[in-house]
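Colleague: Coordinates in coords17.txt, compact mmCIF, C-alpha atoms and all ligand atoms, are listed below.
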# COMPACT_ATOMS: atom_id res chain seq x y z
CA MET W 900 -17.01 19.79 -11.13
CA ILE W 901 -15.18 17.54 -13.58
CA PRO W 902 -17.30 16.59 -16.63
CA LYS W 903 -17.60 12.80 -17.01
CA THR W 904 -16.81 13.18 -20.70
CA HIS W 905 -13.36 14.60 -19.96
CA PRO W 906 -10.73 12.26 -21.46
CA ARG W 907 -8.73 12.40 -18.21
CA TYR W 908 -11.81 12.03 -15.97
CA GLU W 909 -10.51 9.14 -13.77
CA SER W 910 -7.15 10.77 -13.27
CA LEU W 911 -8.72 14.14 -12.41
CA LEU W 912 -11.00 12.46 -9.88
CA LEU W 913 -7.98 11.04 -8.07
CA ARG W 914 -6.35 14.48 -8.10
CA ASP W 915 -9.48 15.88 -6.50
CA LYS W 916 -9.34 13.27 -3.75
CA VAL W 917 -5.74 14.18 -3.02
CA LYS W 918 -6.43 17.93 -3.07
CA ASN W 919 -9.44 17.53 -0.76
CA ALA W 920 -7.44 15.35 1.64
CA PHE W 921 -4.85 18.11 1.87
CA LYS W 922 -7.55 20.71 2.51
CA GLU W 923 -9.07 18.44 5.19
CA GLY W 924 -5.68 18.36 6.90
CA TYR W 925 -4.65 14.71 6.78
CA LEU W 926 -2.57 14.56 3.59
CA ALA W 927 0.98 15.92 3.83
CA ASP W 928 1.80 18.77 1.43
CA SER W 929 4.51 16.50 0.02
CA GLY W 930 1.78 13.95 -0.57
CA MET W 931 0.64 16.04 -3.52
CA ILE W 932 4.13 15.88 -5.00
CA ALA W 933 4.22 12.12 -4.41
CA HIS W 934 0.87 11.82 -6.20
CA GLY W 935 2.21 13.72 -9.21
CA ARG W 936 5.15 11.37 -9.35
CA GLY W 937 2.82 8.40 -9.28
CA GLU W 938 0.58 9.92 -11.97
CA SER W 939 3.47 10.21 -14.40
CA PHE W 940 4.50 6.56 -13.95
CA ASP W 941 0.87 5.47 -14.26
CA TYR W 942 0.63 7.37 -17.53
CA LEU W 943 3.68 5.51 -18.81
CA ILE W 944 2.32 2.05 -17.98
CA GLY W 945 -0.97 2.90 -19.72
CA GLU W 946 -3.07 3.47 -16.55
CA LYS W 947 -4.04 -0.17 -16.33
CA THR W 948 -2.91 -3.20 -14.37
CA THR W 949 -0.26 -5.11 -16.28
CA GLU W 950 0.05 -8.92 -16.27
CA THR W 951 3.26 -8.37 -14.33
CA ALA W 952 1.43 -6.45 -11.59
CA LYS W 953 -1.26 -9.16 -11.49
CA LYS W 954 1.43 -11.75 -10.72
CA ALA W 955 2.75 -9.55 -7.91
CA CYS W 956 -0.78 -9.17 -6.51
CA GLU W 957 -1.29 -12.93 -6.56
CA ALA W 958 2.03 -13.56 -4.79
CA SER W 959 1.11 -10.90 -2.21
CA VAL W 960 -2.22 -12.56 -1.47
CA ALA W 961 -0.48 -15.91 -1.06
CA MET W 962 2.00 -14.27 1.32
CA PHE W 963 -0.84 -12.72 3.36
CA PHE W 964 -2.56 -16.09 3.74
CA LEU W 965 0.71 -17.67 4.90
CA ALA W 966 1.31 -14.89 7.45
CA GLU W 967 0.80 -15.11 11.19
CA ASN W 968 0.55 -11.37 11.78
CA PRO W 969 -0.20 -9.46 8.59
CA VAL W 970 -0.44 -5.66 8.86
CA LEU W 971 -1.55 -3.07 6.31
CA SER W 972 0.25 0.21 6.89
CA VAL W 973 -1.56 3.40 5.88
CA ASN W 974 -0.35 6.95 5.37
CA GLY W 975 -2.09 10.10 4.16
CA ASN W 976 -2.05 9.24 0.45
CA THR W 977 -3.26 5.69 0.98
CA THR W 978 -6.14 6.93 3.13
CA ALA W 979 -7.12 9.58 0.59
CA LEU W 980 -7.12 7.20 -2.37
CA ALA W 981 -8.12 3.82 -0.99
CA ILE W 982 -9.50 3.84 2.57
CA ASP W 983 -12.55 1.68 1.76
CA GLU W 984 -10.53 -0.71 -0.37
CA ILE W 985 -7.90 -1.14 2.38
CA ILE W 986 -10.63 -2.03 4.89
CA GLU W 987 -12.06 -4.61 2.46
CA LEU W 988 -8.63 -6.17 1.94
CA ALA W 989 -7.95 -6.28 5.69
CA LYS W 990 -11.23 -8.13 6.22
CA VAL W 991 -10.63 -10.75 3.56
CA VAL W 992 -7.01 -11.54 4.49
CA ASP W 993 -7.60 -11.00 8.21
CA ALA W 994 -4.98 -8.26 8.61
CA LYS W 995 -4.60 -5.40 11.06
CA ILE W 996 -4.45 -1.78 9.89
CA GLU W 997 -1.86 0.61 11.30
CA ILE W 998 -1.28 4.33 10.76
CA ASN W 999 2.31 5.18 9.93
CA LEU W 1000 3.17 8.71 8.83
CA PHE W 1001 6.43 10.20 7.65
CA TYR W 1002 5.18 13.71 8.46
CA ARG W 1003 3.55 12.59 11.68
CA THR W 1004 1.40 15.09 13.60
CA LYS W 1005 -1.24 14.46 16.27
CA LYS W 1006 -3.81 16.23 14.10
CA ARG W 1007 -3.22 14.02 11.07
CA VAL W 1008 -3.30 10.86 13.18
CA ALA W 1009 -6.59 11.99 14.77
CA ILE W 1010 -8.28 12.74 11.44
CA ILE W 1011 -7.21 9.45 9.85
CA THR W 1012 -8.25 7.51 12.98
CA LYS W 1013 -11.70 9.11 12.85
CA MET W 1014 -12.07 8.30 9.15
CA PHE W 1015 -11.44 4.60 9.83
CA LYS W 1016 -13.74 4.59 12.87
CA ASP W 1017 -16.50 6.32 10.90
CA ARG W 1018 -16.32 3.39 8.49
CA GLY W 1019 -16.66 0.86 11.29
CA TRP W 1020 -12.95 -0.01 11.62
CA ASP W 1021 -12.41 0.66 15.34
CA ASP W 1022 -9.17 -1.16 15.98
CA ILE W 1023 -6.84 1.12 14.07
CA LEU W 1024 -3.27 0.73 15.36
CA GLY W 1025 -0.34 3.14 15.61
CA THR W 1026 -2.33 5.90 17.26
CA ASN W 1027 -1.34 5.84 20.93
CA GLU W 1028 1.93 7.78 21.30
CA GLU W 1029 2.50 6.45 24.81
CA THR W 1030 2.50 2.77 23.89
CA LEU W 1031 4.29 2.98 20.55
CA GLU W 1032 7.52 1.07 19.96
CA TYR W 1033 10.20 2.21 17.52
CA ILE W 1034 11.92 0.20 14.79
CA ASN W 1035 15.71 0.19 15.24
CA ASN W 1036 17.93 1.94 12.69
CA LEU W 1037 15.20 4.16 11.35
CA ASN W 1038 15.68 7.83 12.12
CA SER W 1039 12.36 9.23 10.99
CA PRO W 1040 8.83 9.35 12.43
CA ARG W 1041 8.18 6.33 10.20
CA ALA W 1042 9.97 4.30 12.88
CA THR W 1043 6.77 4.17 14.97
CA ALA W 1044 5.44 0.64 15.41
CA SER W 1045 2.51 -0.49 17.47
CA LYS W 1046 3.18 -3.41 19.85
CA ASN W 1047 0.40 -5.57 18.46
CA GLY W 1048 0.91 -4.45 14.88
CA SER W 1049 3.98 -3.69 12.83
CA TYR W 1050 6.35 -4.37 15.73
CA ILE W 1051 5.47 -8.06 15.64
CA ALA W 1052 4.22 -8.27 12.03
CA ASP W 1053 5.72 -10.91 9.78
CA VAL W 1054 4.12 -9.58 6.56
CA MET W 1055 3.40 -5.90 5.94
CA LEU W 1056 1.78 -3.97 3.13
CA VAL W 1057 3.64 -0.69 2.67
CA PRO W 1058 1.95 1.41 0.00
CA LEU W 1059 3.05 4.72 -1.48
CA GLU W 1060 6.21 5.42 0.38
CA ASP W 1061 9.74 5.67 -0.80
CA GLY W 1062 12.94 6.08 1.08
CA ASP W 1063 13.93 4.68 4.38
CA ARG W 1064 11.52 2.14 5.81
CA ALA W 1065 11.13 -0.90 3.52
CA GLU W 1066 14.82 -1.75 3.65
CA VAL W 1067 15.01 -1.53 7.45
CA LEU W 1068 11.83 -3.57 7.89
CA VAL W 1069 13.27 -6.30 5.66
CA GLU W 1070 16.48 -6.20 7.75
CA ASN W 1071 14.22 -6.71 10.77
CA GLY W 1072 13.06 -10.01 9.30
CA LYS W 1073 9.72 -8.86 7.90
CA LYS W 1074 8.34 -9.64 4.46
CA ILE W 1075 7.42 -6.37 2.82
CA ILE W 1076 4.84 -5.90 0.08
CA ALA W 1077 5.12 -2.47 -1.52
CA ILE W 1078 2.70 -0.78 -3.88
CA ASP W 1079 4.71 1.70 -5.88
CA LEU W 1080 4.21 2.88 -9.45
CA ASN W 1081 7.92 3.66 -9.68
CA PRO W 1082 9.71 0.37 -10.45
CA VAL W 1083 13.13 1.89 -9.80
CA SER W 1084 12.38 3.43 -6.43
CA ARG W 1085 14.40 2.39 -3.41
CA THR W 1086 11.31 0.88 -1.81
CA ALA W 1087 10.47 -1.09 -4.98
CA LYS W 1088 13.95 -2.60 -5.06
CA MET W 1089 14.24 -3.33 -1.35
CA SER W 1090 10.83 -4.92 -0.81
CA THR W 1091 10.06 -8.62 -0.90
CA ILE W 1092 7.25 -8.07 -3.40
CA THR W 1093 6.56 -4.83 -5.23
CA ILE W 1094 3.29 -4.27 -7.02
CA VAL W 1095 3.96 -1.71 -9.74
CA ASP W 1096 0.42 -0.45 -10.13
CA ASN W 1097 -1.85 2.32 -8.93
CA ILE W 1098 -3.10 1.64 -5.41
CA VAL W 1099 -6.68 2.29 -6.58
CA ARG W 1100 -6.42 -0.76 -8.86
CA ALA W 1101 -3.99 -2.97 -6.94
CA VAL W 1102 -5.85 -3.17 -3.63
CA PRO W 1103 -9.25 -4.18 -5.11
CA LEU W 1104 -7.47 -6.71 -7.30
CA MET W 1105 -5.83 -8.29 -4.25
CA THR W 1106 -9.22 -8.44 -2.55
CA LYS W 1107 -10.70 -10.13 -5.62
CA ILE W 1108 -7.89 -12.72 -5.78
CA ALA W 1109 -8.12 -13.36 -2.03
CA THR W 1110 -11.89 -13.86 -2.26
CA GLU W 1111 -11.46 -16.33 -5.15
CA PHE W 1112 -8.80 -18.27 -3.20
CA LYS W 1113 -11.15 -18.46 -0.23
CA GLU W 1114 -14.10 -19.63 -2.31
CA LYS W 1115 -11.94 -22.55 -3.49
CA GLY W 1116 -10.43 -23.22 -0.05
CA LEU W 1117 -6.99 -22.36 -1.43
CA ASN W 1118 -6.28 -19.90 1.40
CA GLU W 1119 -5.64 -22.93 3.62
CA ASP W 1120 -3.61 -24.89 1.08
CA LYS W 1121 -0.09 -24.16 2.33
CA GLU W 1122 1.64 -26.02 -0.49
CA PHE W 1123 -0.32 -24.09 -3.13
CA LEU W 1124 0.44 -20.75 -1.45
CA GLU W 1125 4.13 -21.53 -0.94
CA THR W 1126 4.53 -22.54 -4.56
CA ILE W 1127 3.18 -19.15 -5.69
CA VAL W 1128 5.46 -17.25 -3.29
CA ASN W 1129 8.55 -19.33 -4.14
CA ASN W 1130 8.00 -18.90 -7.87
CA PHE W 1131 7.92 -15.12 -7.52
CA SER W 1132 11.08 -13.09 -8.08
CA ASN W 1133 10.84 -9.40 -7.25
CA GLU W 1134 13.90 -8.64 -9.35
CA GLU W 1135 12.41 -10.30 -12.44
CA ASN W 1136 9.00 -8.75 -11.83
CA LEU W 1137 10.53 -5.26 -11.58
CA LYS W 1138 12.44 -5.82 -14.83
CA ASP W 1139 9.17 -6.80 -16.53
CA SER W 1140 7.43 -3.76 -15.03
CA LEU W 1141 10.14 -1.49 -16.35
CA ALA W 1142 9.73 -3.08 -19.79
CA SER W 1143 6.00 -2.26 -19.72
CA ILE W 1144 6.79 1.46 -19.68
CA LYS W 1145 6.14 2.79 -23.15
CA LEU W 1146 7.56 6.07 -24.32
CA LYS W 1147 5.45 6.38 -27.44
O1 LIG E 1 1.45 10.60 4.75
P1 LIG E 1 2.93 10.64 5.04
O2 LIG E 1 3.29 11.70 6.06
O3 LIG E 1 3.46 9.30 5.49
O4 LIG E 1 3.71 11.03 3.71
C1 LIG E 1 3.56 10.23 2.62
C2 LIG E 1 4.39 10.64 1.39
C3 LIG E 1 3.69 10.06 0.19
C4 LIG E 1 4.45 12.15 1.29
C5 LIG E 1 5.79 10.11 1.54
O5 LIG E 1 5.73 8.72 1.79
C6 LIG E 1 6.63 10.39 0.32
O6 LIG E 1 7.27 11.42 0.22
O7 LIG E 1 6.59 9.47 -0.61
P2 LIG E 1 7.54 9.52 -1.93
O8 LIG E 1 8.95 9.41 -1.50
O9 LIG E 1 7.17 10.61 -2.82
O10 LIG E 1 7.13 8.15 -2.60
C7 LIG E 1 5.84 7.84 -2.97
C8 LIG E 1 5.93 6.75 -4.03
O11 LIG E 1 4.62 6.32 -4.29
C9 LIG E 1 6.53 7.25 -5.34
O12 LIG E 1 7.47 6.31 -5.84
C10 LIG E 1 5.32 7.34 -6.30
O13 LIG E 1 5.65 7.00 -7.62
C11 LIG E 1 4.39 6.30 -5.69
N1 LIG E 1 2.97 6.61 -5.91
C12 LIG E 1 2.36 7.83 -5.87
N2 LIG E 1 1.05 7.71 -6.08
C13 LIG E 1 0.79 6.40 -6.25
C14 LIG E 1 2.02 5.69 -6.13
N3 LIG E 1 2.08 4.35 -6.24
C15 LIG E 1 0.92 3.67 -6.44
N4 LIG E 1 -0.28 4.29 -6.56
C16 LIG E 1 -0.40 5.64 -6.48
N5 LIG E 1 -1.58 6.22 -6.61
Would you encode the structure as structure tokens?
Ligand code: PTJ

Modeller:
Amino acid sequence: MIPKTHPRYESLLLRDKVKNAFKEGYLADSGMIAHGRGESFDYLIGEKTTETAKKACEASVAMFFLAENPVLSVNGNTTALAIDEIIELAKVVDAKIEINLFYRTKKRVAIITKMFKDRGWDDILGTNEETLEYINNLNSPRATASKNGSYIADVMLVPLEDGDRAEVLVENGKKIIAIDLNPVSRTAKMSTITIVDNIVRAVPLMTKIATEFKEKGLNEDKEFLETIVNNFSNEENLKDSLASIKLK
């Protein structure tokens, strides 16, 4: 039991979620290492959403509303930290949700599927091994792509993964939105938009922005949305994110 008065309460709560997800069998052991990596970057940006990350969230929402087939990809860490928030975002931007695991096992897929179904999200994609497609030029289990989901997606949210996939998905003509606290990761550099923020803050913020756009009818204003997307430079945004890291 973590006392609420502990100065690192929020951070310890997230650690608990990750530890429990590992014990429950759906978070990869490496997921705990990935979380530690994220924690250290979060510490350096002050554990709050920067103005730079807000801009990236706004551009992402605009990109979702312009998309024909938006897909939110989820892995073990994303499920552990933000399952409810991902479902909320999917509802507001009308996106599909697809399981994609680097350390893919039937057991992990089954547990994550059940967690989404228990929350009322029945149409979780990426689960049926027999009907899965595979993305070319990707030699890891992350290559799995469901026919109605990431295989045909034009815009994809790819949170908390680094390495091989973002680059190949971009080469396949998709617009990739990454959430990654590490602004110098391969994924951060290769993605169309990278939100350098903790997933637990970034996803609710996107939902909030999307809801505000909808209330004003801006989700259907193509010119407004395109202006936001065209004014966004991932390279510049990453430079600004890097500058927000304080070493004192
Ligand atoms: O569930 P699986 O099998 O798909 O495996 C997932 C992991 C996370 C193990 C796998 O994708 C992996 O090894 O990831 P990496 O290469 O460690 O990259 C994870 C990235 O996410 C790192 O750059 C971290 O800084 C970042 N990160 C970690 N926690 C958070 C985060 N970014 C945003 N919010 C976080 N809470």

Colleague: Do a neighbour search on range 1085-1100 of chain W at 7 Å with only C-alpha atoms, toss out local chain neighbours closer than 6 positions, and write the hits as JSON, numbers by chain.

Modeller: {"W": [941, 948, 952, 955, 956, 959, 980, 981, 1061, 1062, 1065, 1066, 1074, 1075, 1076, 1077, 1078, 1079, 1133, 1140]}

Colleague: Go ahead and write the residues just picked, C-alpha atoms, as a CSV table (one decimal), in the coordinates of the input.

Modeller:
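Generated file (selection-v8.csv):
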chain,number,residue,atom,x,y,z
W,941,ASP,CA,0.9,5.5,-14.3
W,948,THR,CA,-2.9,-3.2,-14.4
W,952,ALA,CA,1.4,-6.4,-11.6
W,955,ALA,CA,2.8,-9.6,-7.9
W,956,CYS,CA,-0.8,-9.2,-6.5
W,959,SER,CA,1.1,-10.9,-2.2
W,980,LEU,CA,-7.1,7.2,-2.4
W,981,ALA,CA,-8.1,3.8,-1.0
W,1061,ASP,CA,9.7,5.7,-0.8
W,1062,GLY,CA,12.9,6.1,1.1
W,1065,ALA,CA,11.1,-0.9,3.5
W,1066,GLU,CA,14.8,-1.8,3.6
W,1074,LYS,CA,8.3,-9.6,4.5
W,1075,ILE,CA,7.4,-6.4,2.8
W,1076,ILE,CA,4.8,-5.9,0.1
W,1077,ALA,CA,5.1,-2.5,-1.5
W,1078,ILE,CA,2.7,-0.8,-3.9
W,1079,ASP,CA,4.7,1.7,-5.9
W,1133,ASN,CA,10.8,-9.4,-7.2
W,1140,SER,CA,7.4,-3.8,-15.0

Colleague: Counting only C-alpha atoms and all ligand atoms, which residues of chain W sit at most 8 Å from some atom of ligand LIG 1 (chain E), and what is each one's closest atom pair with its distance in Å to one decimal, listed by chain and rising residue number, as a tab-separated table?

Modeller:
residue	atom	partner	partner_atom	distance
W:Tyr925	CA	E:LIG1	O1	7.6
W:Leu926	CA	E:LIG1	O1	5.8
W:Ala927	CA	E:LIG1	O2	5.3
W:Asp928	CA	E:LIG1	C4	7.1
W:Ser929	CA	E:LIG1	C4	4.5
W:Gly930	CA	E:LIG1	C4	3.7
W:Met931	CA	E:LIG1	C4	7.3
W:Ile932	CA	E:LIG1	O9	6.5
W:Ala933	CA	E:LIG1	O9	3.7
W:His934	CA	E:LIG1	N2	4.1
W:Gly935	CA	E:LIG1	C12	6.8
W:Arg936	CA	E:LIG1	O13	4.7
W:Gly937	CA	E:LIG1	C12	3.5
W:Glu938	CA	E:LIG1	N2	6.3
W:Ser939	CA	E:LIG1	O13	7.8
W:Phe940	CA	E:LIG1	O13	6.4
W:Asp941	CA	E:LIG1	N4	7.9
W:Val973	CA	E:LIG1	O3	7.8
W:Asn974	CA	E:LIG1	O1	4.1
W:Gly975	CA	E:LIG1	O1	3.6
W:Asn976	CA	E:LIG1	O1	5.7
W:Thr977	CA	E:LIG1	O1	7.8
W:Leu980	CA	E:LIG1	N5	7.0
W:Asn999	CA	E:LIG1	O3	6.2
W:Leu1000	CA	E:LIG1	O3	3.4
W:Phe1001	CA	E:LIG1	O3	3.8
W:Tyr1002	CA	E:LIG1	O2	3.7
W:Arg1003	CA	E:LIG1	O2	5.7
W:Arg1041	CA	E:LIG1	O3	7.3
W:Pro1058	CA	E:LIG1	N3	6.9
W:Leu1059	CA	E:LIG1	O11	3.6
W:Glu1060	CA	E:LIG1	O5	3.6
W:Asp1061	CA	E:LIG1	O8	3.9
W:Gly1062	CA	E:LIG1	O8	5.8
W:Ile1078	CA	E:LIG1	C15	5.4
W:Asp1079	CA	E:LIG1	N3	3.8
W:Leu1080	CA	E:LIG1	N3	4.1
W:Asn1081	CA	E:LIG1	O13	4.5
W:Pro1082	CA	E:LIG1	O12	7.8
W:Ser1084	CA	E:LIG1	O12	5.7
W:Thr1086	CA	E:LIG1	O12	7.8
W:Val1095	CA	E:LIG1	C15	7.0
W:Asp1096	CA	E:LIG1	C15	5.6
W:Asn1097	CA	E:LIG1	N4	3.5
W:Ile1098	CA	E:LIG1	N4	4.0
W:Val1099	CA	E:LIG1	N5	6.4

Colleague: Tell me which protein, DNA and RNA residues are within 7 Å of Ile996 in chain W, counting all atoms listed in the file, leaving out same-chain ones fewer than 6 positions away, and put them as a JSON list (two decimals) with C-alpha atoms, in the frame of the given file.

Modeller:
[["chain", "number", "residue", "atom", "x", "y", "z"],
["W", 970, "VAL", "CA", -0.44, -5.66, 8.86],
["W", 971, "LEU", "CA", -1.55, -3.07, 6.31],
["W", 972, "SER", "CA", 0.25, 0.21, 6.89],
["W", 1023, "ILE", "CA", -6.84, 1.12, 14.07],
["W", 1024, "LEU", "CA", -3.27, 0.73, 15.36]]

Colleague: Using only C-alpha atoms, which residue out of W:Asn1047, W:Thr951, W:Asp983, W:Ala1052 lies closest to Met1014 in chain W?

Modeller: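 Closest residue, counting only C-alpha atoms: W:Asp983.
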
Colleague: Please report the interatomic distance between CA of Ser1045 in chain W and CA of Ala1009 in chain W in Å with one decimal.

Modeller: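 About the pair CA of Ser1045 in chain W and CA of Ala1009 in chain W: they are 15.7 Å apart.
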
Colleague: Expressed in Å to a single decimal, how great is the separation between CA of Val1102 in chain W and CA of Ile1127 in chain W?

Modeller: 18.5 Å

Colleague: Could you check which of W:Lys1113, W:Lys953, W:Lys922, W:Arg914 is closest to Phe1131 in chain W, using only C-alpha atoms?

Modeller: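 Distance minimum relative to Phe1131 in chain W lands on W:Lys953.
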
Colleague: Pick out the residues sitting within 12 Å of Lys1013 in chain W, and hand them over as a list in words; count all atoms listed in the file, and ignore anything fewer than 2 positions along from it in its own chain.

Modeller: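 Returned residues: Tyr925, Thr978, Ile982, Ile998, Lys1006, Arg1007, Val1008, Ala1009, Ile1010, Ile1011, Phe1015, Lys1016, Asp1017, Arg1018, Gly1019, Trp1020, Asp1021, Asp1022, Ile1023 and Thr1026 of chain W.
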
Colleague: Find, counting only C-alpha atoms, the residue in W:Thr949, W:Asn1035, W:Pro969, W:Leu911 that gets nearest to Leu1141 in chain W.

Modeller: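 Of W:Thr949, W:Asn1035, W:Pro969, W:Leu911, the one nearest Leu1141 in chain W is W:Thr949, counting only C-alpha atoms.
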